[in-house]
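Q: What follows is a structure written as structure tokens; I'll ask about it next.
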Amino acid sequence: MPIRLTLPPTFASRMDEADRPQVGMWVCSGSPLVAEIAAGSGLDWVLIDGEHSPNGLESILAQLQAVAAYPVAPVVRVPFGDTVIIKQFLDLGVQNLLVPMVDSAEQAAEIVRAVRYPTGGVRGVGSSLARASRWNRVENYLADASSTISLLVQIESAAAVAAVDAIAATPGVDGLFVGPADLAASMGHLGQQSHPEVVEAVLASIRAGVAAGVPVGVNAFVPADAERYLDAGASFVAVGADVALLARASEALADRFIGRTGTADASGQAGDGIGRAQDGSTGTSAGSAERPSY
């Protein structure tokens with residue numbers, strides 16, 4: 001007799017059952033080993049990125065397999081909301097899908113159709129060939145597939161914030177995830193995720209989600225920003241990324257063990273060994289909490 005399997009709970013169902021906000025981090029390195037380290041950290045969820053990271057189907061599959069042994073929810077971001085790409089990611093076994101740059105309820109509705117089989121959608125049927133159904137070892141997968149998937153859409157532009165009430169109310173959207181970096185850029189504040197206008201747009205998105213009963217998450221690498229959005233009602237936050245943690249920690253090692261030795265400046269005088277932040281203040285670029293990557 002073949003083994004009959006039950007898929008893990010979705011990220012949406014985990015949030016429904018949790019008694020606190022869910023805290024996670026990005027995995028952008030493309031490394032299954034790093035993904036596994038992150039999965040065993042004690043965080044609630046990891047976000048495997050297919051948009052801005054060197055990831056393809058094979059590396060995402062390997063990372064899903066690496067984190068499967070841990071009590072963490074893997075969320076995977078597609079590069080964009082294309083029906084064919086979404087089909088491929090779902091067939092890999094992605095249960096928690098994040099789609100970037102969703103600007104309207106109409107776009108959100110099309111993405112919902114992409115994750116559902118006919119007649120409620122347009123997802124191609126290949127479950128017997130796919131990890132999604134564990135090669136037909138998950139009973140009634142075709143009939144129950146929609147309940148095994150949670151769909152998160154990203155609010156990343158001024159247009160999306162203007163339409164956030166309608167996006168949040170779109171049937172089949174299980175959560176919103178606000179990306180302050182692209183949002184700031186669209187508002188004319190490139191690189192200023194903590195600009196008051198950007199912060200207010202994020203807060204408005206959180207309020208819309210709360211009003212609609214839809215979980216809202218925020219990308220917030222600066223602890224004060226994460227705390228602000230959690231206090232405002234965010235259901236989940238991403239507070240770091242593997243590549244950013246490695247970059248900052250390695251810079252801190254260089255500052256500590258090389259910067260302190262003192263180096264000769266252009267005049268031949270020994271330097272004071274103090275790192276200088278990009279704004280000219282004392283401190284190190286490695287340790288700055290004000291350098292979010294997203």
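Scheme for the structure tokens: letters A, B, ... for chains in order shown; per-chain residue numbers from 1; ligand numbers from 1 in order shown.
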Give me, as a Markdown table, the closest atom pair and its distance (Å, one decimal) for every residue of segment 115-178 of chain A within a cut-off of 12 Å of segment 206-218 of chain A, counting only C-alpha atoms, rows sorted by chain and rising number.

A:
| residue | atom | partner | partner_atom | distance |
| --- | --- | --- | --- | --- |
| A:Ser150 | CA | A:Pro215 | CA | 11.4 |
| A:Leu151 | CA | A:Pro215 | CA | 11.1 |
| A:Leu152 | CA | A:Val216 | CA | 9.0 |
| A:Val153 | CA | A:Val216 | CA | 9.7 |
| A:Gln154 | CA | A:Gly217 | CA | 9.1 |
| A:Ile155 | CA | A:Val218 | CA | 9.4 |
| A:Glu156 | CA | A:Val218 | CA | 10.5 |
| A:Ala160 | CA | A:Ala208 | CA | 11.7 |
| A:Val161 | CA | A:Ala208 | CA | 9.3 |
| A:Ala162 | CA | A:Ala208 | CA | 10.5 |
| A:Ala163 | CA | A:Ala208 | CA | 9.8 |
| A:Val164 | CA | A:Ala208 | CA | 6.6 |
| A:Asp165 | CA | A:Ala208 | CA | 5.5 |
| A:Ala166 | CA | A:Ala208 | CA | 9.0 |
| A:Ile167 | CA | A:Gly209 | CA | 9.2 |
| A:Ala168 | CA | A:Gly209 | CA | 5.9 |
| A:Ala169 | CA | A:Ala212 | CA | 6.3 |
| A:Thr170 | CA | A:Ala212 | CA | 9.7 |
| A:Pro171 | CA | A:Val214 | CA | 10.5 |
| A:Gly172 | CA | A:Val214 | CA | 10.5 |
| A:Val173 | CA | A:Val214 | CA | 8.1 |
| A:Asp174 | CA | A:Val214 | CA | 6.4 |
| A:Gly175 | CA | A:Pro215 | CA | 4.8 |
| A:Leu176 | CA | A:Val216 | CA | 4.7 |
| A:Phe177 | CA | A:Gly217 | CA | 4.5 |
| A:Val178 | CA | A:Val218 | CA | 4.7 |

Q: Mind the document's chain letters and residue numbers, and return as an NGL selection string the residues of segment 181-247 of chain A that DSSP labels helix (DSSP H, G or I).

A: :A and (181-186 or 196-212 or 223-231 or 242-247)

Q: Env of segment 25-31 of chain A: 9 Å cut, atoms = only C-alpha atoms, seq-sep filter 5 positions within chain, self excluded. Answer as a PyMOL selection string.

A: chain A and resi 36+38+43-50+52-56+59-60+62-63+219+237-243

Q: Near segment 225-229 of chain A, counting only C-alpha atoms, which residues have an atom at most 12 Å away, once you skip same-chain residues fewer than 2 positions from it, shown as an MDAnalysis selection string?

A: chainID A and resid 21:24 177:178 180 193:196 198:207 216:223 231:240 289:290 292

Q: Grab the residues selected above and save them as a CSV table (one decimal), in the first residue's frame with C-alpha atoms.

A:
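Result went into part.csv, see below:
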chain,number,residue,atom,x,y,z
A,21,PRO,CA,2.6,38.0,15.8
A,22,GLN,CA,4.8,35.7,13.7
A,23,VAL,CA,8.5,36.8,13.3
A,24,GLY,CA,10.6,35.7,10.4
A,177,PHE,CA,2.8,42.0,3.0
A,178,VAL,CA,4.0,45.6,2.8
A,180,PRO,CA,8.5,49.7,2.5
A,193,GLN,CA,11.8,53.6,4.4
A,194,SER,CA,11.4,55.5,7.7
A,195,HIS,CA,10.1,58.7,6.0
A,196,PRO,CA,6.9,59.9,7.8
A,198,VAL,CA,6.1,56.1,4.0
A,199,VAL,CA,5.4,55.1,7.6
A,200,GLU,CA,1.9,56.5,7.4
A,201,ALA,CA,1.3,54.5,4.2
A,202,VAL,CA,2.4,51.3,5.9
A,203,LEU,CA,0.2,52.1,8.9
A,204,ALA,CA,-2.8,52.7,6.5
A,205,SER,CA,-2.2,49.3,5.0
A,206,ILE,CA,-2.2,47.7,8.4
A,207,ARG,CA,-5.4,49.4,9.3
A,216,VAL,CA,-0.8,42.2,7.3
A,217,GLY,CA,2.9,41.8,7.4
A,218,VAL,CA,5.7,44.3,7.0
A,219,ASN,CA,9.4,44.0,6.0
A,220,ALA,CA,11.1,45.9,8.8
A,221,PHE,CA,14.9,45.3,9.4
A,222,VAL,CA,15.1,48.3,11.7
A,223,PRO,CA,13.9,47.1,15.2
A,231,ASP,CA,2.1,47.7,17.9
A,232,ALA,CA,-0.1,49.0,15.1
A,233,GLY,CA,-1.5,45.5,14.5
A,234,ALA,CA,0.8,43.7,12.1
A,235,SER,CA,0.4,40.0,12.2
A,236,PHE,CA,3.8,39.1,10.9
A,237,VAL,CA,7.2,40.8,10.3
A,238,ALA,CA,10.4,40.0,8.6
A,239,VAL,CA,13.2,41.4,10.7
A,240,GLY,CA,16.4,40.3,8.8
A,289,ALA,CA,20.8,49.3,12.5
A,290,GLU,CA,19.7,52.0,10.0
A,292,PRO,CA,17.9,48.0,6.1

Q: What does the distance between atom CA of Gln192 of chain A and atom CA of Ser157 of chain A come to in Å, to one decimal place?

A: 13.8 Å

Q: Atom CA of Asn136 of chain A and atom CA of Leu57 of chain A, how far apart in Å?

A: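 Separation between atom CA of Leu57 of chain A and atom CA of Asn136 of chain A: 20.4 Å.
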
Q: Quote the spacing between atom CA of Pro9 of chain A and atom CA of Trp135 of chain A in Å to one decimal place.

A: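 Computing the Euclidean distance for atom CA of Pro9 of chain A and atom CA of Trp135 of chain A yields 18.4 Å.
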
Q: As an mmCIF file with N, CA, C and O atoms, in the first residue's frame, please: the residues near Val125 of chain A (cut-off 12 Å, only C-alpha atoms, same-chain neighbours under 6 positions excluded).

A:
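Resulting contents of around_10.cif:
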data_model
loop_
_atom_site.group_PDB
_atom_site.id
_atom_site.type_symbol
_atom_site.label_atom_id
_atom_site.label_comp_id
_atom_site.auth_asym_id
_atom_site.auth_seq_id
_atom_site.Cartn_x
_atom_site.Cartn_y
_atom_site.Cartn_z
ATOM 1 N N VAL A 84 2.120 31.100 -15.369
ATOM 2 C CA VAL A 84 2.966 29.925 -15.616
ATOM 3 C C VAL A 84 3.984 29.754 -14.498
ATOM 4 O O VAL A 84 4.198 28.637 -13.996
ATOM 5 N N LYS A 87 2.302 28.474 -11.403
ATOM 6 C CA LYS A 87 2.021 27.037 -11.547
ATOM 7 C C LYS A 87 3.266 26.218 -11.220
ATOM 8 O O LYS A 87 3.185 25.208 -10.484
ATOM 9 N N GLN A 88 4.422 26.626 -11.726
ATOM 10 C CA GLN A 88 5.646 25.874 -11.474
ATOM 11 C C GLN A 88 6.015 25.882 -9.990
ATOM 12 O O GLN A 88 6.415 24.851 -9.433
ATOM 13 N N LEU A 90 3.980 26.308 -7.427
ATOM 14 C CA LEU A 90 3.021 25.492 -6.684
ATOM 15 C C LEU A 90 3.306 24.005 -6.874
ATOM 16 O O LEU A 90 3.237 23.217 -5.920
ATOM 17 N N ASP A 91 3.626 23.606 -8.093
ATOM 18 C CA ASP A 91 3.909 22.195 -8.333
ATOM 19 C C ASP A 91 5.170 21.736 -7.605
ATOM 20 O O ASP A 91 5.300 20.542 -7.287
ATOM 21 N N ALA A 114 -4.834 32.157 -10.565
ATOM 22 C CA ALA A 114 -3.628 31.419 -10.951
ATOM 23 C C ALA A 114 -3.275 30.323 -9.950
ATOM 24 O O ALA A 114 -2.623 29.341 -10.318
ATOM 25 N N VAL A 115 -3.715 30.463 -8.700
ATOM 26 C CA VAL A 115 -3.361 29.453 -7.699
ATOM 27 C C VAL A 115 -4.463 28.408 -7.517
ATOM 28 O O VAL A 115 -4.288 27.469 -6.736
ATOM 29 N N ARG A 116 -5.568 28.547 -8.244
ATOM 30 C CA ARG A 116 -6.675 27.610 -8.091
ATOM 31 C C ARG A 116 -6.926 26.838 -9.383
ATOM 32 O O ARG A 116 -6.770 27.366 -10.484
ATOM 33 N N TYR A 117 -7.330 25.598 -9.206
ATOM 34 C CA TYR A 117 -7.681 24.770 -10.357
ATOM 35 C C TYR A 117 -9.050 25.198 -10.911
ATOM 36 O O TYR A 117 -9.860 25.800 -10.200
ATOM 37 N N PRO A 118 -9.321 24.878 -12.187
ATOM 38 C CA PRO A 118 -10.662 25.109 -12.721
ATOM 39 C C PRO A 118 -11.697 24.319 -11.898
ATOM 40 O O PRO A 118 -11.377 23.284 -11.326
ATOM 41 N N THR A 119 -12.911 24.864 -11.760
ATOM 42 C CA THR A 119 -13.421 25.989 -12.519
ATOM 43 C C THR A 119 -13.197 27.321 -11.803
ATOM 44 O O THR A 119 -13.542 28.384 -12.349
ATOM 45 N N ALA A 132 3.890 18.844 -5.146
ATOM 46 C CA ALA A 132 2.774 19.481 -4.449
ATOM 47 C C ALA A 132 1.846 18.447 -3.826
ATOM 48 O O ALA A 132 1.406 18.586 -2.681
ATOM 49 N N SER A 133 1.526 17.397 -4.558
ATOM 50 C CA SER A 133 0.635 16.339 -4.075
ATOM 51 C C SER A 133 1.410 15.152 -3.530
ATOM 52 O O SER A 133 0.808 14.134 -3.188
ATOM 53 N N TYR A 141 -5.999 15.506 -3.240
ATOM 54 C CA TYR A 141 -5.263 16.763 -3.410
ATOM 55 C C TYR A 141 -5.978 17.721 -4.358
ATOM 56 O O TYR A 141 -6.114 18.917 -4.054
ATOM 57 N N LEU A 142 -6.439 17.231 -5.490
ATOM 58 C CA LEU A 142 -7.065 18.123 -6.462
ATOM 59 C C LEU A 142 -8.272 18.841 -5.873
ATOM 60 O O LEU A 142 -8.468 20.042 -6.077
ATOM 61 N N ALA A 143 -9.083 18.112 -5.139
ATOM 62 C CA ALA A 143 -10.280 18.720 -4.558
ATOM 63 C C ALA A 143 -9.946 19.671 -3.421
ATOM 64 O O ALA A 143 -10.656 20.668 -3.209
ATOM 65 N N ALA A 145 -6.852 21.234 -2.890
ATOM 66 C CA ALA A 145 -5.613 21.984 -3.103
ATOM 67 C C ALA A 145 -5.684 23.410 -2.586
ATOM 68 O O ALA A 145 -4.726 23.915 -2.003
#

Q: My list of candidates is A:Leu5, A:Leu97, A:Ile149, A:Val67. Which is closest to Ser41 of chain A when distances are computed with only C-alpha atoms?

A: A:Val67

Q: Would you return as a ChimeraX atom specification the members of segment 68-252 of chain A that DSSP assigns to strand (DSSP E or B) on this structure's backbone?

A: /A:73-77,96-99,138,150-155,175-178,216-219,236-241
